[in-house]
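Encoded as structure tokens, the structure appears first; notes follow it.
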Amino acid sequence: MVLVVVFGVALLIAVLLSGLAARTVLSTAFLFLVGGALVSDGFLGLIHITPDSEIVSVTADLALFAVLFTDGMHVSFPKLRQNWRNPARALGLDMPLAFVGMALITHFVVGLDWTTSLLVGAVLAPTDPVFASAIVGRKEVPSKLRQLLNVESGINDGLALPVVLILIAAAGPTAGNAEASLGKIALELVLGLVLGLVFGVALPFIANELVRFRLLGAEPKLQPLLPLSIGVILYALCHLTHANPYLAAFSAGAVLTARSAEAKEAFEPLGEALAELAKFTALLVFGALLTPQLFGDLSFGGYVAVVLAIVLIRPASLLLSLLGTRFTRQEKLVAAWFGPKGFASVVYGLLVLQAGIPQGEEAFTLIAVCIAFSIIAHSSTDVPIARLFNVEDIAGVPEGDDAPASPTPGQSQEVRA
């Protein structure tokens, strides 16, 4: 119950400061991260959460699923057909380059063995634009840039999971016998990807077809619950069948929007609010893991690797993948910077720690510190960079004496992450 009280207080403070956060470098993500750290065993000791606590993996998993489901609803298939090459470059070139680059730095700078270094690279390769919502969520920002960041992050989470699990099997205590089982593991993971995609496409399609029957259909006040029911069923179905839940969530959101714009419009306010709550809960819980001991356990080489991961690996890999595209220099730099490490890396980092591999604790420490630094760096720079695109009304918060007393119809009211 103490955790509930702490979350309520943090949520109240975040809402009261959200107007200021929407116009400055202050971010609500940072508030929840710091709040979780302050009440943890490392400081006030009000809540007791360790990396092996079930609440850590559950909240991160739910938050990632919710965010990907709502992010998928922002995908426009007509625009994606016109600009599919840019996300394809990010997934086919940027992600492998970031994976290899991070592995090289982890091995040569931090000193971890090659298998564990590759594992760290796979965990930190996925991006999460939820911490750059002032960029991805603003119509004033070029649509091809928003589409690139949104599609890249929505798909790369699911693609990274099979690589992470294969490398965990190779690095585990039974690594000597790993070769015999790697083929079976790879087959199961490919099946998981396929099932995730099938579930993500089929479930919203079937649900929308059922609505068209004469005797069926939701009354207006219950319409937002139709997409919610799809998400709940999909989440449970994926975990029961070991289908890839992240690929399923993103594809379901995209298909739902393509099949029924009315369903998207009805669900959007509720969906965004639920996603925000899931994110804030996961951030608070993850923040509780950020104790002084955790930061003290990371070597100097580890901190060098963290800085390089944020300011060099992601920017360089995406800039290389965008060579020859029609993005302006400004758009390329913005896209290169916004490659934050988010909930996917949290979930995968916990898998590494719980697998019991020889250098798992060192790998998790590096991953956790990198995620924390990334959240702070990216969530506090989205508003200043959004200003470069003349975005005056960040997150629906008007400025100046001419600001209306209440939001106009259709105006965004989302709280910036």
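Just so we're on the same page: first chain in the structure tokens is A, next is B, and so on; residues restart at 1 for each chain, and ligands are numbered from 1 in the order they show up.
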
- Message: I'd like to know which residues of range 154-243 of chain A are alpha helix (DSSP H) (by DSSP, run on the backbone); could you write them as a ChimeraX atom specification?
- Response: /A:154-171,178-211,225-241

- Query: Got a sec: who's within 8 Å of range 145-161 of chain A, counting only C-alpha atoms, leaving out chain neighbours fewer than 4 positions off, as an MDAnalysis selection string?
  - Reply: chainID A and resid 68 71:72 74:75 80 86:87 90:91 95 122:123 125:129 135:137 141 165 193 244:247 250 331 335 338 344 348

- Query: Which residue gives the smallest distance to Glu268 in chain A among A:Leu104, A:Met73, A:Ala29, A:Ile313, with only C-alpha atoms counted?
  - Reply: A:Met73

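For Ser374 in chain A, the set of protein, DNA and RNA residues having any atom at most 7 Å away, when counting only C-alpha atoms and skipping those fewer than 3 positions along the same chain, is Ile310, Pro340, Lys341, Cys370, Ile371, Ala377 and His378 of chain A.
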
- Please provide as a ChimeraX atom specification all residues within 9 Å of Val352 in chain A, with the sequence filter that same-chain residues fewer than 2 positions apart are discarded (counting only C-alpha atoms). /A:119-120,123,164-165,168,347-350,354-357,360-361,363-364

Just-selected residues, N, CA, C and O atoms written as a JSON list (two decimals), in the first residue's frame:
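To be explicit, this is the file written out as part19.json:
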```json
[["chain", "number", "residue", "atom", "x", "y", "z"],
["A", 119, "LEU", "N", 25.16, -9.62, -26.08],
["A", 119, "LEU", "CA", 23.88, -9.60, -25.38],
["A", 119, "LEU", "C", 23.52, -8.18, -24.95],
["A", 119, "LEU", "O", 22.38, -7.73, -25.11],
["A", 120, "VAL", "N", 24.49, -7.46, -24.41],
["A", 120, "VAL", "CA", 24.26, -6.05, -24.03],
["A", 120, "VAL", "C", 23.89, -5.23, -25.27],
["A", 120, "VAL", "O", 22.99, -4.39, -25.23],
["A", 123, "VAL", "N", 20.28, -5.92, -26.16],
["A", 123, "VAL", "CA", 19.33, -5.33, -25.20],
["A", 123, "VAL", "C", 19.17, -3.84, -25.42],
["A", 123, "VAL", "O", 18.08, -3.28, -25.32],
["A", 164, "VAL", "N", 18.00, -11.55, -28.17],
["A", 164, "VAL", "CA", 18.33, -11.53, -26.74],
["A", 164, "VAL", "C", 18.22, -12.94, -26.14],
["A", 164, "VAL", "O", 19.12, -13.40, -25.43],
["A", 165, "LEU", "N", 17.14, -13.63, -26.44],
["A", 165, "LEU", "CA", 16.93, -14.96, -25.86],
["A", 165, "LEU", "C", 17.94, -15.98, -26.37],
["A", 165, "LEU", "O", 18.40, -16.85, -25.62],
["A", 168, "ILE", "N", 21.18, -15.23, -24.56],
["A", 168, "ILE", "CA", 21.10, -15.68, -23.16],
["A", 168, "ILE", "C", 21.35, -17.18, -23.09],
["A", 168, "ILE", "O", 22.07, -17.68, -22.22],
["A", 347, "VAL", "N", 12.88, -4.63, -19.73],
["A", 347, "VAL", "CA", 12.41, -6.02, -19.71],
["A", 347, "VAL", "C", 13.53, -6.98, -20.08],
["A", 347, "VAL", "O", 13.75, -8.00, -19.41],
["A", 348, "TYR", "N", 14.25, -6.67, -21.14],
["A", 348, "TYR", "CA", 15.31, -7.57, -21.60],
["A", 348, "TYR", "C", 16.49, -7.60, -20.63],
["A", 348, "TYR", "O", 17.13, -8.63, -20.44],
["A", 349, "GLY", "N", 16.77, -6.46, -20.00],
["A", 349, "GLY", "CA", 17.83, -6.42, -19.00],
["A", 349, "GLY", "C", 17.52, -7.30, -17.81],
["A", 349, "GLY", "O", 18.40, -7.97, -17.26],
["A", 350, "LEU", "N", 16.24, -7.33, -17.40],
["A", 350, "LEU", "CA", 15.83, -8.20, -16.31],
["A", 350, "LEU", "C", 15.95, -9.67, -16.69],
["A", 350, "LEU", "O", 16.30, -10.51, -15.86],
["A", 354, "GLN", "N", 18.10, -12.36, -14.55],
["A", 354, "GLN", "CA", 17.45, -13.54, -13.99],
["A", 354, "GLN", "C", 17.90, -14.84, -14.63],
["A", 354, "GLN", "O", 17.57, -15.92, -14.13],
["A", 355, "ALA", "N", 18.65, -14.74, -15.73],
["A", 355, "ALA", "CA", 19.10, -15.96, -16.42],
["A", 355, "ALA", "C", 20.25, -16.65, -15.70],
["A", 355, "ALA", "O", 20.54, -17.83, -15.96],
["A", 356, "GLY", "N", 20.93, -15.94, -14.82],
["A", 356, "GLY", "CA", 22.03, -16.54, -14.07],
["A", 356, "GLY", "C", 23.29, -16.77, -14.89],
["A", 356, "GLY", "O", 24.08, -17.67, -14.56],
["A", 357, "ILE", "N", 23.50, -15.98, -15.93],
["A", 357, "ILE", "CA", 24.71, -16.15, -16.75],
["A", 357, "ILE", "C", 25.91, -15.61, -15.98],
["A", 357, "ILE", "O", 25.76, -14.77, -15.09],
["A", 360, "GLY", "N", 26.16, -11.80, -15.78],
["A", 360, "GLY", "CA", 24.83, -11.21, -15.86],
["A", 360, "GLY", "C", 24.66, -9.97, -15.02],
["A", 360, "GLY", "O", 24.04, -8.99, -15.45],
["A", 361, "GLU", "N", 25.21, -9.97, -13.79],
["A", 361, "GLU", "CA", 25.06, -8.81, -12.91],
["A", 361, "GLU", "C", 25.78, -7.60, -13.47],
["A", 361, "GLU", "O", 25.25, -6.48, -13.43],
["A", 363, "ALA", "N", 26.43, -7.05, -16.61],
["A", 363, "ALA", "CA", 25.68, -6.62, -17.80],
["A", 363, "ALA", "C", 24.44, -5.83, -17.39],
["A", 363, "ALA", "O", 24.15, -4.79, -17.98],
["A", 364, "PHE", "N", 23.71, -6.32, -16.38],
["A", 364, "PHE", "CA", 22.49, -5.62, -15.95],
["A", 364, "PHE", "C", 22.82, -4.24, -15.40],
["A", 364, "PHE", "O", 22.08, -3.28, -15.66]]
```

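Using only C-alpha atoms, the contacts of Ala14 in chain A at a cut-off of 12 Å, with sequence neighbours closer than 4 positions omitted, comprise Phe7, Gly8, Val9, Ala10, Ser18, Gly19, Leu20, Ala21, Ala22, Leu26, Ser27, Thr28, Ala29, Phe30, Leu31, Phe32, Leu33, Val34, Gly35, Glu276, Leu277, Phe280, Leu284, Val415, Arg416 and Ala417 of chain A.
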
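Across A:Leu93, A:His242, A:Leu38, A:Leu44, the tightest approach to Pro162 in chain A is made by A:His242 when counting only C-alpha atoms.
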
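Residues in contact with Ala309 in chain A at up to 9 Å, not including ones fewer than 2 positions away on its chain and judged by only C-alpha atoms, are Ala98, Gly101, Met102, Ile105, Leu124, Val304, Ala305, Val306, Val307, Val311, Leu312, Ile313, Arg314, Pro315 and Cys370 of chain A.
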
- Residues at most 10 Å from Thr50 in chain A, counting only C-alpha atoms, excluding those fewer than 4 positions away in the same chain, as a PyMOL selection string? chain A and resi 40-41+54-56+285-286+288-290

Closest atom pairs, residues of range 60-91 of chain A within 10 Å of range 227-232 of chain A, only C-alpha atoms, as CSV:
```
residue,atom,partner,partner_atom,distance
A:Phe65,CA,A:Gly231,CA,8.7
A:Ala66,CA,A:Gly231,CA,8.1
A:Phe69,CA,A:Gly231,CA,7.4
A:Thr70,CA,A:Gly231,CA,9.8
```

Selection from above, N, CA, C and O atoms, as a tab-separated table (two decimals), in the first residue's frame, can you write it?
```tsv
chain	number	residue	atom	x	y	z
A	65	PHE	N	3.83	-3.00	-23.53
A	65	PHE	CA	2.71	-3.46	-24.34
A	65	PHE	C	1.71	-2.33	-24.58
A	65	PHE	O	1.26	-2.10	-25.71
A	66	ALA	N	1.36	-1.59	-23.53
A	66	ALA	CA	0.39	-0.50	-23.65
A	66	ALA	C	0.89	0.61	-24.55
A	66	ALA	O	0.14	1.15	-25.38
A	69	PHE	N	0.85	-0.56	-28.19
A	69	PHE	CA	-0.53	-0.65	-28.70
A	69	PHE	C	-1.02	0.74	-29.11
A	69	PHE	O	-1.60	0.91	-30.20
A	70	THR	N	-0.80	1.73	-28.27
A	70	THR	CA	-1.24	3.09	-28.60
A	70	THR	C	-0.36	3.71	-29.68
A	70	THR	O	-0.85	4.45	-30.53
```

- Item | One-decimal distance in Å that lies between CA of Leu197 in chain A and CA of Leu226 in chain A | 19.9 Å

- What separation in Å, quoted to one decimal, exists between CA of Gly271 in chain A and CA of Gly253 in chain A? 10.6 Å

- Message: For a test of reading the model, state the distance in Å between CA of Pro292 in chain A and CA of Gly42 in chain A, rounded to one decimal.
- Response: 6.1 Å
